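So this one's coords_37.cif, mmCIF, C-alpha atoms and all ligand atoms:
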```
data_final
#
loop_
_atom_site.label_atom_id
_atom_site.label_comp_id
_atom_site.auth_asym_id
_atom_site.auth_seq_id
_atom_site.Cartn_x
_atom_site.Cartn_y
_atom_site.Cartn_z
CA MET A 20 5.03 -12.10 -23.09
CA ARG A 21 6.26 -15.58 -22.22
CA ASN A 22 9.65 -15.18 -23.85
CA LYS A 23 10.49 -12.03 -21.95
CA ARG A 24 13.24 -12.86 -19.49
CA PHE A 25 14.45 -11.48 -16.23
CA LEU A 26 17.94 -10.28 -17.06
CA SER A 27 20.67 -12.30 -18.58
CA PHE A 28 21.94 -14.71 -15.96
CA SER A 29 21.74 -18.36 -16.83
CA ALA A 30 21.03 -20.92 -14.01
CA LEU A 31 18.35 -23.33 -11.87
CA THR A 32 17.17 -25.30 -8.27
CA ALA A 33 14.72 -27.00 -4.90
CA ALA A 34 14.60 -27.90 -1.11
CA PHE A 35 14.69 -31.60 -0.97
CA SER A 36 15.52 -34.99 -0.13
CA LEU A 37 17.63 -36.25 -2.93
CA CYS A 38 17.58 -39.58 -4.61
CA LEU A 39 21.04 -40.15 -5.97
CA SER A 40 22.29 -43.64 -6.59
CA GLY A 41 19.62 -45.31 -4.43
CA CYS A 42 16.28 -44.56 -5.88
CA ALA A 43 16.00 -44.73 -9.59
CA GLY A 44 17.62 -46.62 -12.34
CA SER A 45 21.01 -48.20 -12.41
CA GLN A 46 24.22 -46.30 -12.50
CA GLU A 47 27.01 -47.35 -14.75
CA ALA A 48 29.61 -48.87 -12.50
CA SER A 49 32.43 -47.36 -14.52
CA VAL A 50 31.49 -43.75 -13.71
CA GLN A 51 33.40 -42.48 -10.71
CA GLU A 52 31.39 -40.60 -8.08
CA HIS A 53 33.08 -37.82 -6.13
CA THR A 54 31.58 -35.90 -3.26
CA ALA A 55 32.41 -32.85 -1.16
CA GLU A 56 30.66 -31.46 1.89
CA LEU A 57 31.08 -28.17 3.65
CA PHE A 58 29.34 -25.71 5.92
CA ALA A 59 29.34 -22.23 4.42
CA MET A 60 26.96 -19.27 3.99
CA GLY A 61 25.12 -20.48 7.10
CA THR A 62 24.16 -23.84 5.61
CA TYR A 63 25.34 -27.35 4.79
CA MET A 64 26.40 -27.89 1.22
CA ASN A 65 26.72 -31.26 -0.43
CA PHE A 66 28.23 -31.69 -3.88
CA THR A 67 28.22 -34.87 -5.98
CA ALA A 68 29.93 -34.97 -9.37
CA TYR A 69 30.80 -37.78 -11.74
CA GLY A 70 33.69 -38.64 -13.99
CA GLU A 71 37.46 -38.30 -14.03
CA GLN A 72 37.52 -34.51 -13.89
CA ALA A 73 35.12 -34.35 -10.95
CA ASP A 74 37.59 -34.78 -8.08
CA ALA A 75 39.82 -31.82 -8.88
CA ALA A 76 36.86 -29.73 -10.03
CA LEU A 77 35.08 -30.25 -6.69
CA ASP A 78 38.17 -29.23 -4.72
CA GLU A 79 38.20 -25.98 -6.66
CA ALA A 80 34.46 -25.61 -6.17
CA VAL A 81 34.93 -25.74 -2.39
CA SER A 82 37.64 -23.05 -2.57
CA HIS A 83 35.34 -20.87 -4.67
CA VAL A 84 32.52 -21.14 -2.12
CA GLU A 85 34.89 -20.15 0.68
CA GLU A 86 36.11 -17.20 -1.36
CA TRP A 87 32.56 -15.95 -2.14
CA GLU A 88 31.48 -16.41 1.45
CA SER A 89 34.39 -14.24 2.52
CA LEU A 90 33.13 -11.54 0.12
CA TRP A 91 29.41 -11.66 0.98
CA SER A 92 29.26 -12.52 4.68
CA VAL A 93 27.39 -9.94 6.79
CA THR A 94 29.34 -10.94 9.90
CA ASP A 95 32.93 -11.38 8.63
CA GLU A 96 34.67 -8.06 9.28
CA ASN A 97 36.84 -8.56 6.21
CA SER A 98 33.99 -9.07 3.72
CA GLU A 99 33.01 -6.57 1.07
CA ILE A 100 29.42 -6.54 2.35
CA TYR A 101 30.64 -5.85 5.89
CA ALA A 102 32.75 -2.97 4.53
CA ALA A 103 29.70 -1.58 2.68
CA ASN A 104 27.55 -1.93 5.81
CA HIS A 105 30.05 0.08 7.86
CA SER A 106 30.99 2.63 5.20
CA HIS A 107 29.19 5.73 6.61
CA GLY A 108 28.12 6.83 3.16
CA ARG A 109 31.49 6.34 1.47
CA PRO A 110 31.85 4.30 -1.75
CA VAL A 111 33.20 0.77 -1.26
CA PRO A 112 34.92 -1.00 -4.20
CA LEU A 113 33.50 -4.39 -5.11
CA SER A 114 34.88 -7.53 -6.73
CA THR A 115 33.25 -8.59 -10.00
CA GLU A 116 31.30 -11.39 -8.28
CA THR A 117 29.86 -9.10 -5.62
CA GLU A 118 29.08 -6.38 -8.12
CA ASN A 119 27.26 -8.83 -10.41
CA LEU A 120 25.26 -10.34 -7.56
CA LEU A 121 24.31 -6.97 -6.10
CA ARG A 122 23.39 -5.54 -9.48
CA PHE A 123 21.18 -8.54 -10.18
CA ALA A 124 19.53 -8.32 -6.74
CA LEU A 125 18.79 -4.61 -7.24
CA GLU A 126 17.33 -5.21 -10.70
CA MET A 127 15.17 -8.02 -9.36
CA SER A 128 14.02 -5.73 -6.56
CA GLY A 129 12.72 -3.34 -9.21
CA GLN A 130 11.04 -6.09 -11.20
CA THR A 131 9.35 -7.54 -8.11
CA GLN A 132 8.22 -4.11 -6.88
CA GLY A 133 10.44 -4.46 -3.83
CA ALA A 134 9.22 -7.91 -2.69
CA LEU A 135 12.92 -8.77 -2.88
CA ASP A 136 15.01 -6.08 -1.24
CA PRO A 137 18.68 -6.61 -0.30
CA THR A 138 18.51 -3.55 2.00
CA ILE A 139 16.18 -5.39 4.39
CA TYR A 140 19.15 -6.39 6.58
CA PRO A 141 18.50 -3.98 9.52
CA LEU A 142 15.10 -5.66 9.97
CA VAL A 143 16.46 -9.21 9.52
CA SER A 144 18.98 -8.39 12.22
CA ALA A 145 16.43 -6.73 14.55
CA TRP A 146 14.24 -9.86 14.49
CA GLY A 147 17.32 -11.85 15.58
CA PHE A 148 17.76 -13.91 12.43
CA ILE A 149 21.48 -13.11 12.24
CA ASP A 150 22.60 -13.93 15.79
CA GLN A 151 19.68 -16.26 16.68
CA GLU A 152 18.73 -13.94 19.56
CA TYR A 153 15.13 -13.93 18.38
CA ARG A 154 12.85 -11.07 19.44
CA ILE A 155 9.75 -9.21 18.27
CA PRO A 156 10.71 -5.59 17.59
CA SER A 157 8.22 -2.89 18.61
CA ASP A 158 6.13 -1.06 15.99
CA GLU A 159 8.23 2.09 16.52
CA GLU A 160 11.48 0.19 16.05
CA ILE A 161 10.16 -1.42 12.85
CA GLN A 162 9.08 1.96 11.45
CA GLU A 163 12.42 3.51 12.33
CA LEU A 164 14.38 0.66 10.71
CA LEU A 165 12.18 0.70 7.61
CA SER A 166 13.37 4.24 6.98
CA LEU A 167 16.85 2.69 6.58
CA THR A 168 15.71 0.38 3.77
CA GLY A 169 14.92 0.85 0.09
CA TYR A 170 16.84 -0.76 -2.77
CA GLU A 171 16.42 2.37 -4.92
CA LYS A 172 18.68 4.32 -2.54
CA VAL A 173 21.67 2.06 -3.30
CA ALA A 174 24.15 3.49 -5.81
CA LEU A 175 26.21 1.01 -7.78
CA GLU A 176 28.65 2.67 -10.15
CA ASN A 177 32.34 2.54 -11.11
CA HIS A 178 32.57 -0.95 -9.55
CA ALA A 179 31.72 0.48 -6.13
CA VAL A 180 28.63 0.61 -3.93
CA THR A 181 27.51 3.65 -1.98
CA LEU A 182 24.91 3.28 0.78
CA PRO A 183 23.32 6.16 2.65
CA GLU A 184 24.47 6.32 6.30
CA GLY A 185 22.85 3.58 8.38
CA MET A 186 21.71 1.43 5.48
CA GLN A 187 22.92 -2.17 5.24
CA LEU A 188 22.89 -4.95 2.67
CA ASP A 189 22.16 -8.67 2.88
CA LEU A 190 22.63 -10.80 -0.24
CA GLY A 191 21.33 -13.91 1.54
CA ALA A 192 18.19 -14.26 -0.57
CA ALA A 193 20.10 -14.78 -3.83
CA GLY A 194 23.71 -15.59 -2.88
CA LYS A 195 23.30 -19.35 -2.66
CA GLY A 196 21.54 -19.50 -6.00
CA TYR A 197 24.31 -17.44 -7.56
CA THR A 198 26.88 -19.75 -5.97
CA GLY A 199 25.18 -22.78 -7.54
CA GLU A 200 25.06 -21.11 -10.92
CA LEU A 201 28.73 -20.12 -10.84
CA LEU A 202 29.76 -23.59 -9.64
CA ALA A 203 27.80 -25.29 -12.41
CA ASP A 204 29.59 -23.08 -14.95
CA HIS A 205 32.91 -23.97 -13.31
CA LEU A 206 32.21 -27.72 -13.37
CA LYS A 207 31.16 -27.59 -17.02
CA GLU A 208 34.33 -25.70 -17.93
CA GLN A 209 36.30 -28.47 -16.23
CA GLY A 210 34.58 -31.06 -18.41
CA VAL A 211 32.09 -32.37 -15.83
CA THR A 212 28.84 -33.42 -17.52
CA SER A 213 26.91 -34.79 -14.53
CA ALA A 214 26.71 -33.25 -11.07
CA LEU A 215 24.23 -32.37 -8.38
CA LEU A 216 24.98 -29.50 -6.02
CA ASP A 217 22.83 -29.20 -2.90
CA ILE A 218 23.42 -25.77 -1.43
CA GLY A 219 21.29 -25.83 1.69
CA GLY A 220 18.18 -26.81 -0.24
CA ASN A 221 19.03 -24.84 -3.36
CA ILE A 222 19.64 -27.50 -5.97
CA GLN A 223 21.79 -26.93 -9.02
CA MET A 224 22.24 -29.71 -11.53
CA VAL A 225 24.83 -30.14 -14.25
CA GLY A 226 23.42 -32.36 -16.99
CA PRO A 227 21.37 -35.48 -16.21
CA LYS A 228 22.45 -38.34 -13.94
CA PRO A 229 25.44 -40.28 -15.28
CA ASP A 230 23.09 -42.90 -16.75
CA GLY A 231 21.38 -40.19 -18.80
CA THR A 232 18.12 -40.13 -16.81
CA LYS A 233 16.79 -37.09 -14.96
CA TRP A 234 17.57 -36.36 -11.32
CA ARG A 235 14.68 -37.00 -8.92
CA LEU A 236 14.23 -34.33 -6.25
CA GLY A 237 11.90 -34.61 -3.30
CA ILE A 238 10.28 -31.22 -2.71
CA ARG A 239 10.07 -30.53 1.01
CA ASN A 240 6.63 -30.67 2.61
CA PRO A 241 6.32 -27.30 4.38
CA PHE A 242 3.86 -28.70 6.94
CA GLU A 243 5.79 -31.70 8.26
CA ASP A 244 8.87 -33.82 7.66
CA GLY A 245 9.26 -35.45 4.27
CA SER A 246 8.37 -34.27 0.80
CA PHE A 247 5.06 -33.46 -0.87
CA GLY A 248 6.17 -34.71 -4.25
CA THR A 249 9.01 -35.59 -6.57
CA LEU A 250 10.27 -33.42 -9.38
CA GLU A 251 12.33 -34.81 -12.22
CA ALA A 252 14.79 -32.34 -13.71
CA GLN A 253 18.18 -31.99 -15.32
CA ASP A 254 20.75 -29.31 -16.06
CA CYS A 255 18.88 -26.59 -14.23
CA ALA A 256 18.31 -25.05 -10.81
CA VAL A 257 15.46 -25.83 -8.40
CA VAL A 258 15.18 -23.43 -5.44
CA THR A 259 12.60 -23.56 -2.66
CA SER A 260 11.78 -20.88 -0.10
CA GLY A 261 9.41 -21.39 2.78
CA GLY A 262 8.64 -20.26 6.28
CA TYR A 263 9.70 -23.64 7.69
CA GLU A 264 13.40 -23.06 7.00
CA ARG A 265 14.23 -20.68 9.85
CA TYR A 266 11.69 -19.47 12.37
CA PHE A 267 10.90 -18.97 16.04
CA THR A 268 7.74 -18.99 18.10
CA GLY A 269 7.17 -15.75 19.98
CA GLY A 270 5.82 -15.41 23.53
CA ASP A 271 2.49 -14.63 21.83
CA GLY A 272 2.44 -18.15 20.33
CA THR A 273 2.88 -16.85 16.77
CA THR A 274 5.47 -18.32 14.41
CA TYR A 275 7.84 -15.74 12.90
CA TRP A 276 10.01 -16.74 9.96
CA HIS A 277 13.11 -15.37 8.26
CA ILE A 278 11.60 -14.09 5.00
CA LEU A 279 10.38 -10.56 5.63
CA ASP A 280 7.96 -8.43 3.66
CA PRO A 281 9.95 -5.25 2.94
CA ALA A 282 6.65 -3.32 2.85
CA THR A 283 5.90 -4.07 6.52
CA GLY A 284 9.24 -5.06 8.04
CA ARG A 285 7.53 -8.20 9.39
CA PRO A 286 7.63 -11.87 8.36
CA ALA A 287 5.94 -12.26 4.98
CA ASP A 288 2.32 -13.11 5.53
CA SER A 289 1.01 -14.37 2.21
CA ASP A 290 -1.17 -17.36 1.32
CA LEU A 291 1.85 -19.48 0.36
CA ALA A 292 3.60 -22.12 2.46
CA SER A 293 6.41 -22.77 -0.01
CA VAL A 294 7.61 -21.60 -3.40
CA THR A 295 9.83 -23.66 -5.69
CA ILE A 296 11.28 -22.04 -8.79
CA ILE A 297 12.78 -24.09 -11.60
CA GLY A 298 14.90 -22.45 -14.29
CA ASP A 299 18.20 -22.12 -16.07
CA SER A 300 19.56 -19.41 -13.77
CA GLY A 301 20.25 -20.31 -10.13
CA VAL A 302 20.41 -16.70 -9.02
CA LEU A 303 17.11 -15.90 -10.72
CA CYS A 304 15.44 -18.93 -9.13
CA ASP A 305 16.74 -17.99 -5.68
CA ALA A 306 15.70 -14.34 -5.96
CA LEU A 307 12.26 -15.29 -7.26
CA SER A 308 11.58 -18.01 -4.70
CA THR A 309 12.02 -15.44 -1.95
CA ALA A 310 10.14 -12.68 -3.79
CA ILE A 311 7.13 -14.84 -4.75
CA PHE A 312 6.91 -16.19 -1.18
CA VAL A 313 6.46 -12.54 -0.15
CA MET A 314 4.03 -11.70 -3.00
CA GLY A 315 1.62 -14.61 -2.55
CA LEU A 316 -0.27 -16.72 -5.06
CA GLU A 317 -2.04 -14.16 -7.21
CA GLU A 318 0.87 -11.78 -7.65
CA GLY A 319 3.25 -14.72 -8.07
CA ILE A 320 1.17 -16.03 -10.97
CA GLN A 321 1.11 -12.54 -12.49
CA CYS A 322 4.88 -12.35 -12.19
CA TRP A 323 5.23 -15.64 -14.08
CA GLU A 324 2.73 -14.53 -16.74
CA THR A 325 4.54 -11.24 -17.21
CA TYR A 326 8.11 -12.48 -17.39
CA GLY A 327 8.09 -16.24 -17.96
CA GLY A 328 11.42 -17.92 -18.49
CA PHE A 329 11.00 -20.14 -15.42
CA ASP A 330 8.65 -22.75 -13.96
CA MET A 331 7.17 -22.81 -10.50
CA LEU A 332 5.60 -25.16 -8.01
CA LEU A 333 3.62 -23.52 -5.23
CA MET A 334 2.12 -24.97 -2.06
CA THR A 335 -0.54 -22.78 -0.46
CA LEU A 336 -1.20 -22.57 3.26
CA ASP A 337 -4.42 -24.49 2.52
CA GLY A 338 -2.36 -27.39 1.13
CA GLU A 339 -3.24 -26.75 -2.53
CA ILE A 340 -0.64 -27.31 -5.21
CA TYR A 341 -0.14 -24.98 -8.19
CA LEU A 342 2.37 -25.67 -10.93
CA THR A 343 3.24 -24.25 -14.33
CA GLU A 344 2.55 -26.29 -17.44
CA GLY A 345 6.27 -26.73 -18.23
CA ILE A 346 6.77 -29.10 -15.27
CA GLU A 347 3.38 -30.83 -15.23
CA GLU A 348 4.80 -34.04 -16.65
CA ASN A 349 7.77 -33.98 -14.29
CA PHE A 350 5.99 -33.67 -10.97
CA THR A 351 4.51 -36.60 -9.02
CA PRO A 352 2.75 -35.84 -5.73
CA GLU A 353 3.22 -38.08 -2.69
CA GLU A 354 0.35 -40.40 -1.90
CA GLU A 355 -1.14 -38.12 0.78
CA PHE A 356 -1.42 -35.29 -1.77
CA SER A 357 -2.50 -37.44 -4.72
CA GLU A 358 -6.24 -36.93 -4.14
CA GLN A 359 -5.68 -33.20 -4.23
CA THR A 360 -6.53 -31.17 -7.35
CA ILE A 361 -3.32 -29.89 -8.85
CA HIS A 362 -3.87 -26.50 -10.45
CA VAL A 363 -1.89 -26.23 -13.67
CA MET A 364 -1.04 -22.68 -14.75
CA GLU A 365 -0.93 -22.03 -18.46
CA ALA A 366 0.62 -19.03 -20.14
P1 LIG B 1 17.16 -19.40 2.51
O1 LIG B 1 18.36 -18.54 2.67
O2 LIG B 1 16.61 -19.97 3.77
O3 LIG B 1 17.30 -20.44 1.43
P2 LIG B 1 15.88 -17.33 0.98
O4 LIG B 1 16.62 -17.54 -0.26
O5 LIG B 1 14.41 -17.16 0.82
O6 LIG B 1 16.00 -18.48 2.03
O7 LIG B 1 16.50 -16.06 1.66
C1 LIG B 1 16.11 -15.63 2.92
C2 LIG B 1 17.18 -14.73 3.51
O8 LIG B 1 17.25 -13.50 2.78
C3 LIG B 1 16.85 -14.34 4.93
O9 LIG B 1 17.52 -15.18 5.84
C4 LIG B 1 17.33 -12.90 5.04
O10 LIG B 1 18.71 -12.88 5.34
C5 LIG B 1 17.12 -12.38 3.64
N1 LIG B 1 15.77 -11.83 3.41
C6 LIG B 1 14.63 -12.00 4.11
N2 LIG B 1 13.58 -11.41 3.51
C7 LIG B 1 14.08 -10.82 2.39
C8 LIG B 1 13.50 -10.05 1.33
N3 LIG B 1 12.20 -9.78 1.28
N4 LIG B 1 14.33 -9.62 0.34
C9 LIG B 1 15.66 -9.90 0.37
N5 LIG B 1 16.25 -10.62 1.32
C10 LIG B 1 15.47 -11.09 2.31
MG MG B 2 16.00 -16.98 -2.19
#
```
Give the structure from this file in structure tokens form.
Ligand code: ADP
Ligand code: MG
Amino acid sequence: MRNKRFLSFSALTAAFSLCLSGCAGSQEASVQEHTAELFAMGTYMNFTAYGEQADAALDEAVSHVEEWESLWSVTDENSEIYAANHSHGRPVPLSTETENLLRFALEMSGQTQGALDPTIYPLVSAWGFIDQEYRIPSDEEIQELLSLTGYEKVALENHAVTLPEGMQLDLGAAGKGYTGELLADHLKEQGVTSALLDIGGNIQMVGPKPDGTKWRLGIRNPFEDGSFGTLEAQDCAVVTSGGYERYFTGGDGTTYWHILDPATGRPADSDLASVTIIGDSGVLCDALSTAIFVMGLEEGIQCWETYGGFDMLLMTLDGEIYLTEGIEENFTPEEEFSEQTIHVMEA
């Protein structure tokens, strides 16, 4: 079963403190470093690429991000997703990028039994995660809005999407991973062989560091500032999802975060504190990090056993670490977690 793959995208990522030139090994002085920073898709993005081609390639990368944001934004009245969300049941034509991303998200929804569901937007919005006007919707409101969700009700044909009246899409759970994947392809086409793209905690790498060694990524500690360990990786994506990324504390003292369980319409309430997925496809890693955060440990492990094709690093709410055998050698826990048993999952 291990060689069975989720779909055909190729990409990889993590949420992290990054060690670029500072922390490991020497960098060849002759390799030029180029950087770009921008705020897009609701997050800070930081790109570093090396070599002569990197400067022009990064400028184009920034333009691409702006273009995709203008297609996928839920709030920009000119975006394709906005048009779909206000289409009153009429078909809305989609660009190739949007069609590919939506098709992938819908297929992943099926494969994760709806743990990922791009139609969850009415709930995300009701909890205030779009406008930051946080609130706890009533049970009746949640039930009513849940009737407006369900990925299987979305029709995607003839390069157009048709949503039943009142339904709305949000590609936020996979869009940044897809962006990283597309940008890595773009940089490679431009001849860049070493780059690290930090897309709000989704990490996409092109090749190894310029000195040929692996990148070292600090994986965010979901319980406090800092990281719980370091992962060495190259030419792949590392994407982390966790409840610590966006949340509010309700009047009832409970913490409510931005990843919702589409089965309940409420913040996902599993036994996991964070989920990091490592793989060749950025969009797959992003979709799965969100979905497995919703599923929890047992179902997440089953998902990996069934499909394979990726590695994962899980932190439970009890502070236990689970990782798949493929990254065992590449992960080093921080001192405070070094006494802890690390559970290694084997296929
Ligand atoms: P982040 O965007 O913080 O990196 P994720 O990739 O996990 O985190 O995506 C979370 C975003 O996806 C939420 O902000 C919301 O817009 C949307 N979302 C929340 N829950 C789900 C879900 N179960 N399926 C699909 N999208 C979701
Ligand atoms: Mg995600």
Long-range neighbours of Leu250 of chain A as an MDAnalysis selection string, 10 Å cut-off, all atoms listed in the file, 5 positions minimum in chain: chainID A and resid 33 35 233:238 257 297 332 346:352
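Nearest to ligand LIG 1 (chain B) of all the residues A:Gly185, A:Pro156, A:Gly315, A:Gly133 is A:Gly133, counting all atoms listed in the file.
Closest approach to ligand MG 2 (chain B) among A:Asp305, A:Asp299, A:Glu160, A:Glu318 is made by A:Asp305 (distances from only C-alpha atoms and all ligand atoms).
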Polymer residues at most 8 Å from (0.5, -14.1, 3.6) by all atoms listed in the file, as a ChimeraX atom specification: /A:287-291,313-315
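For the choices A:Arg239, A:Lys195, A:Lys207, A:His362, the atom-to-atom distance to ligand MG 2 (chain B) is smallest for A:Lys195 when using only C-alpha atoms and all ligand atoms.
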Neighbours of Thr268 of chain A within 12 Å (all atoms listed in the file; same-chain residues fewer than 4 positions away dropped), as a CSV table (one decimal) with C-alpha atoms, in the coordinates of the input?
```
chain,number,residue,atom,x,y,z
A,146,TRP,CA,14.2,-9.9,14.5
A,153,TYR,CA,15.1,-13.9,18.4
A,154,ARG,CA,12.8,-11.1,19.4
A,155,ILE,CA,9.8,-9.2,18.3
A,262,GLY,CA,8.6,-20.3,6.3
A,263,TYR,CA,9.7,-23.6,7.7
A,272,GLY,CA,2.4,-18.2,20.3
A,273,THR,CA,2.9,-16.8,16.8
A,274,THR,CA,5.5,-18.3,14.4
A,275,TYR,CA,7.8,-15.7,12.9
A,276,TRP,CA,10.0,-16.7,10.0
A,277,HIS,CA,13.1,-15.4,8.3
```
Nearby polymer residues, ligand LIG 1 (chain B), at most 8 Å, all atoms listed in the file, as number ranges by chain: A: 128, 133-140, 143, 148-149, 189-196, 219-221, 258-261, 264-265, 277-281, 286-287, 305-306, 308-310, 312-313
Which of A:Ala103, A:Leu201, A:Val111, A:Leu121 sits closest to Glu79 of chain A [using all atoms listed in the file]: A:Leu201
How would segment 152-168 of chain A look with N, CA, C and O atoms restored, written as a JSON list (two decimals), in the frame of the given file?
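Written out: out.json:
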```json
[["chain", "number", "residue", "atom", "x", "y", "z"],
["A", 152, "GLU", "N", 19.32, -14.50, 18.32],
["A", 152, "GLU", "CA", 18.73, -13.94, 19.56],
["A", 152, "GLU", "C", 17.36, -13.40, 19.16],
["A", 152, "GLU", "O", 17.18, -12.18, 19.00],
["A", 153, "TYR", "N", 16.42, -14.32, 18.96],
["A", 153, "TYR", "CA", 15.13, -13.93, 18.38],
["A", 153, "TYR", "C", 14.33, -12.99, 19.29],
["A", 153, "TYR", "O", 14.31, -13.15, 20.51],
["A", 154, "ARG", "N", 13.68, -12.02, 18.70],
["A", 154, "ARG", "CA", 12.85, -11.07, 19.44],
["A", 154, "ARG", "C", 11.82, -10.45, 18.51],
["A", 154, "ARG", "O", 11.97, -10.51, 17.29],
["A", 155, "ILE", "N", 10.77, -9.89, 19.08],
["A", 155, "ILE", "CA", 9.75, -9.21, 18.27],
["A", 155, "ILE", "C", 9.97, -7.71, 18.46],
["A", 155, "ILE", "O", 9.69, -7.18, 19.54],
["A", 156, "PRO", "N", 10.47, -7.03, 17.43],
["A", 156, "PRO", "CA", 10.71, -5.59, 17.59],
["A", 156, "PRO", "C", 9.38, -4.83, 17.75],
["A", 156, "PRO", "O", 8.34, -5.29, 17.27],
["A", 157, "SER", "N", 9.44, -3.70, 18.42],
["A", 157, "SER", "CA", 8.22, -2.89, 18.61],
["A", 157, "SER", "C", 7.84, -2.23, 17.28],
["A", 157, "SER", "O", 8.67, -2.11, 16.37],
["A", 158, "ASP", "N", 6.58, -1.76, 17.20],
["A", 158, "ASP", "CA", 6.13, -1.06, 15.99],
["A", 158, "ASP", "C", 7.03, 0.13, 15.69],
["A", 158, "ASP", "O", 7.38, 0.38, 14.53],
["A", 159, "GLU", "N", 7.39, 0.89, 16.73],
["A", 159, "GLU", "CA", 8.23, 2.09, 16.52],
["A", 159, "GLU", "C", 9.58, 1.69, 15.94],
["A", 159, "GLU", "O", 10.10, 2.32, 15.01],
["A", 160, "GLU", "N", 10.16, 0.62, 16.53],
["A", 160, "GLU", "CA", 11.48, 0.19, 16.05],
["A", 160, "GLU", "C", 11.38, -0.24, 14.58],
["A", 160, "GLU", "O", 12.25, 0.10, 13.76],
["A", 161, "ILE", "N", 10.32, -0.96, 14.23],
["A", 161, "ILE", "CA", 10.16, -1.42, 12.85],
["A", 161, "ILE", "C", 10.04, -0.21, 11.91],
["A", 161, "ILE", "O", 10.72, -0.14, 10.88],
["A", 162, "GLN", "N", 9.24, 0.78, 12.30],
["A", 162, "GLN", "CA", 9.08, 1.96, 11.45],
["A", 162, "GLN", "C", 10.41, 2.69, 11.27],
["A", 162, "GLN", "O", 10.76, 3.12, 10.18],
["A", 163, "GLU", "N", 11.13, 2.82, 12.38],
["A", 163, "GLU", "CA", 12.42, 3.51, 12.33],
["A", 163, "GLU", "C", 13.40, 2.78, 11.40],
["A", 163, "GLU", "O", 14.07, 3.39, 10.57],
["A", 164, "LEU", "N", 13.45, 1.44, 11.53],
["A", 164, "LEU", "CA", 14.38, 0.66, 10.71],
["A", 164, "LEU", "C", 13.95, 0.65, 9.24],
["A", 164, "LEU", "O", 14.79, 0.63, 8.34],
["A", 165, "LEU", "N", 12.64, 0.68, 9.01],
["A", 165, "LEU", "CA", 12.18, 0.70, 7.61],
["A", 165, "LEU", "C", 12.66, 1.95, 6.88],
["A", 165, "LEU", "O", 12.87, 1.92, 5.67],
["A", 166, "SER", "N", 12.88, 3.03, 7.63],
["A", 166, "SER", "CA", 13.37, 4.24, 6.98],
["A", 166, "SER", "C", 14.82, 4.05, 6.51],
["A", 166, "SER", "O", 15.33, 4.83, 5.71],
["A", 167, "LEU", "N", 15.48, 2.99, 7.01],
["A", 167, "LEU", "CA", 16.85, 2.69, 6.58],
["A", 167, "LEU", "C", 16.87, 1.62, 5.49],
["A", 167, "LEU", "O", 17.88, 0.95, 5.29],
["A", 168, "THR", "N", 15.75, 1.38, 4.84],
["A", 168, "THR", "CA", 15.71, 0.38, 3.77],
["A", 168, "THR", "C", 15.25, 1.06, 2.47],
["A", 168, "THR", "O", 14.79, 2.21, 2.49]]
```
